[in-house]
Amino acid sequence: MPPAALDTALRLHQDRVYAFALYLVGDADAAADLAQTAFVRLWERGADVAEAAQRAWLLRTVRNAALDRFRRQRFDGTVADFDALEADDPSPLDQTETADLAAHAFAALDTLDEPYRSLVLLCDVQALAYADAASVLELPLNTVRVYLHRARARLRSAFFLRTRERA
């Protein structure tokens, strides 16, 4: 892949690839390593990846690299918190509620098995189109729709049970 094409791919996809990696591994350094791995593989195999399919290919590469990492290290599966999403100067009550909501949401997300968890992250958090998510996870489009429906239902149930237990 020519350096100019790699620079373009980096500019277009770097933030999304890193964010997805961060959601998967929950560690900034590990996420940066995974994103870097994906872009190195794109550079090595760039001629085989169509420009229109680069984002999906990169996200699939990050997901596969994260799964390999999980298998090797028996990673605990925690994910990042919502600190970066908080508004400027929120009140202490807002901070507490946001942290509590984030903890419940991530705990509920952690109850999902693969590929349900990845589908929620790709489609609902990353706002990826179903077709792109299907490409990332190498699943048929209709399977993605069915699995995503099931994942959202399981996520709602897990979140409801978790918040109800706390009350």
# chains A, B, ... in the order shown; residues from 1 in each chain; ligands from 1
call {"tool": "select_by_dssp", "arguments": {"residues": "chain A", "states": "alpha helix (DSSP H)", "output": "MDAnalysis selection string"}}
result
chainID A and resid 3:25 28:45 54:73 92:110 116:119 130:137 141:166
call {"tool": "residues_around", "arguments": {"residues": "Val40 of chain A", "least_positions_apart": "2", "cutoff": "12 Å", "atoms": "only C-alpha atoms", "output": "number ranges by chain"}}
result
A: 1, 3, 6-7, 9-10, 33-38, 42-46, 58, 61-62
call {"tool": "write_last_selection", "arguments": {"atoms": "N, CA and C atoms", "output": "compact mmCIF listing (two decimals), in the first residue's frame"}}
result
# COMPACT_ATOMS: atom_id res chain seq x y z
N MET A 1 0.85 -1.17 0.00
CA MET A 1 0.00 0.00 0.00
C MET A 1 0.90 1.24 0.00
N PRO A 3 2.29 4.92 0.80
CA PRO A 3 2.20 5.73 2.03
C PRO A 3 1.05 6.74 2.02
N LEU A 6 -2.13 4.95 2.89
CA LEU A 6 -2.16 4.61 4.31
C LEU A 6 -2.46 5.85 5.15
N ASP A 7 -1.88 6.99 4.79
CA ASP A 7 -2.17 8.24 5.49
C ASP A 7 -3.65 8.58 5.41
N ALA A 9 -6.14 6.45 4.95
CA ALA A 9 -6.86 5.47 5.77
C ALA A 9 -6.73 5.82 7.25
N LEU A 10 -5.56 6.22 7.67
CA LEU A 10 -5.36 6.62 9.07
C LEU A 10 -6.25 7.81 9.42
N ASP A 33 -2.26 -0.45 20.86
CA ASP A 33 -1.53 -1.56 20.24
C ASP A 33 -2.39 -2.29 19.22
N LEU A 34 -3.66 -2.54 19.57
CA LEU A 34 -4.56 -3.23 18.65
C LEU A 34 -4.81 -2.40 17.40
N ALA A 35 -5.03 -1.10 17.58
CA ALA A 35 -5.26 -0.22 16.43
C ALA A 35 -4.02 -0.19 15.54
N GLN A 36 -2.86 -0.10 16.16
CA GLN A 36 -1.62 -0.09 15.39
C GLN A 36 -1.46 -1.40 14.62
N THR A 37 -1.77 -2.51 15.26
CA THR A 37 -1.70 -3.81 14.60
C THR A 37 -2.60 -3.85 13.37
N ALA A 38 -3.81 -3.31 13.51
CA ALA A 38 -4.75 -3.30 12.38
C ALA A 38 -4.20 -2.48 11.23
N LEU A 42 -3.12 -3.58 7.49
CA LEU A 42 -3.67 -2.92 6.30
C LEU A 42 -2.54 -2.50 5.38
N TRP A 43 -1.47 -1.98 5.93
CA TRP A 43 -0.33 -1.57 5.12
C TRP A 43 0.27 -2.78 4.40
N GLU A 44 0.35 -3.92 5.11
CA GLU A 44 0.92 -5.12 4.51
C GLU A 44 0.01 -5.71 3.44
N ARG A 45 -1.29 -5.66 3.66
CA ARG A 45 -2.24 -6.29 2.74
C ARG A 45 -3.13 -5.28 2.02
N GLY A 46 -2.70 -4.06 1.96
CA GLY A 46 -3.52 -2.98 1.41
C GLY A 46 -4.01 -3.21 0.01
N LEU A 58 -10.71 -3.08 8.90
CA LEU A 58 -9.92 -2.67 10.06
C LEU A 58 -10.60 -3.07 11.37
N THR A 61 -10.29 -6.72 11.89
CA THR A 61 -8.92 -7.04 12.28
C THR A 61 -8.69 -6.72 13.75
N VAL A 62 -9.21 -5.59 14.21
CA VAL A 62 -9.09 -5.23 15.63
C VAL A 62 -9.81 -6.24 16.50
call {"tool": "atom_distance", "arguments": {"atom1": "atom CA of Arg11 of chain A", "atom2": "atom CA of Ala56 of chain A"}}
result
15.1 Å
call {"tool": "closest_residue", "arguments": {"among": "A:Val49, A:Asp124, A:Asp15, A:Ala107", "to": "His149 of chain A", "atoms": "only C-alpha atoms"}}
result
A:Asp124
call {"tool": "atom_distance", "arguments": {"atom1": "atom CA of Leu121 of chain A", "atom2": "atom CA of Ala5 of chain A"}}
result
27.4 Å
call {"tool": "residues_around", "arguments": {"residues": "Val125 of chain A", "least_positions_apart": "4", "cutoff": "10 Å", "atoms": "only C-alpha atoms", "output": "list in words"}}
result
Ala19, Phe20, Tyr23, Ser118, Leu119, Val120 and Leu121 of chain A
call {"tool": "atom_distance", "arguments": {"atom1": "atom CA of Ala53 of chain A", "atom2": "atom CA of Ala133 of chain A"}}
result
11.4 Å
call {"tool": "closest_residue", "arguments": {"among": "A:Leu24, A:Ala153, A:Val17, A:Val146", "to": "Leu128 of chain A", "atoms": "only C-alpha atoms"}}
result
A:Val17
call {"tool": "residues_around", "arguments": {"residues": "Val144 of chain A", "least_positions_apart": "6", "cutoff": "12 Å", "atoms": "only C-alpha atoms", "output": "ChimeraX atom specification"}}
result
/A:114-120,122-123,128-138,150-152
call {"tool": "closest_residue", "arguments": {"among": "A:Ala4, A:Ala31, A:Ala50, A:Ala103", "to": "Arg63 of chain A", "atoms": "only C-alpha atoms"}}
result
A:Ala31
call {"tool": "residues_around", "arguments": {"residues": "Ala32 of chain A", "least_positions_apart": "4", "cutoff": "8 Å", "atoms": "only C-alpha atoms", "output": "JSON, numbers by chain"}}
result
{"A": [18, 21, 22, 28, 36]}
call {"tool": "write_last_selection", "arguments": {"atoms": "N, CA and C atoms", "output": "mmCIF file, in the first residue's frame"}}
result
data_model
loop_
_atom_site.group_PDB
_atom_site.id
_atom_site.type_symbol
_atom_site.label_atom_id
_atom_site.label_comp_id
_atom_site.auth_asym_id
_atom_site.auth_seq_id
_atom_site.Cartn_x
_atom_site.Cartn_y
_atom_site.Cartn_z
ATOM 1 N N TYR A 18 -9.602 2.964 16.972
ATOM 2 C CA TYR A 18 -9.102 3.042 18.341
ATOM 3 C C TYR A 18 -10.254 2.953 19.342
ATOM 4 N N ALA A 21 -11.438 -0.596 19.652
ATOM 5 C CA ALA A 21 -10.449 -1.372 20.405
ATOM 6 C C ALA A 21 -10.539 -1.052 21.890
ATOM 7 N N LEU A 22 -10.733 0.211 22.218
ATOM 8 C CA LEU A 22 -10.844 0.612 23.617
ATOM 9 C C LEU A 22 -12.071 -0.007 24.266
ATOM 10 N N ALA A 28 -6.230 1.835 27.449
ATOM 11 C CA ALA A 28 -5.794 2.737 26.382
ATOM 12 C C ALA A 28 -4.548 2.229 25.658
ATOM 13 N N GLN A 36 -2.864 -0.095 16.160
ATOM 14 C CA GLN A 36 -1.623 -0.093 15.390
ATOM 15 C C GLN A 36 -1.459 -1.400 14.619
#
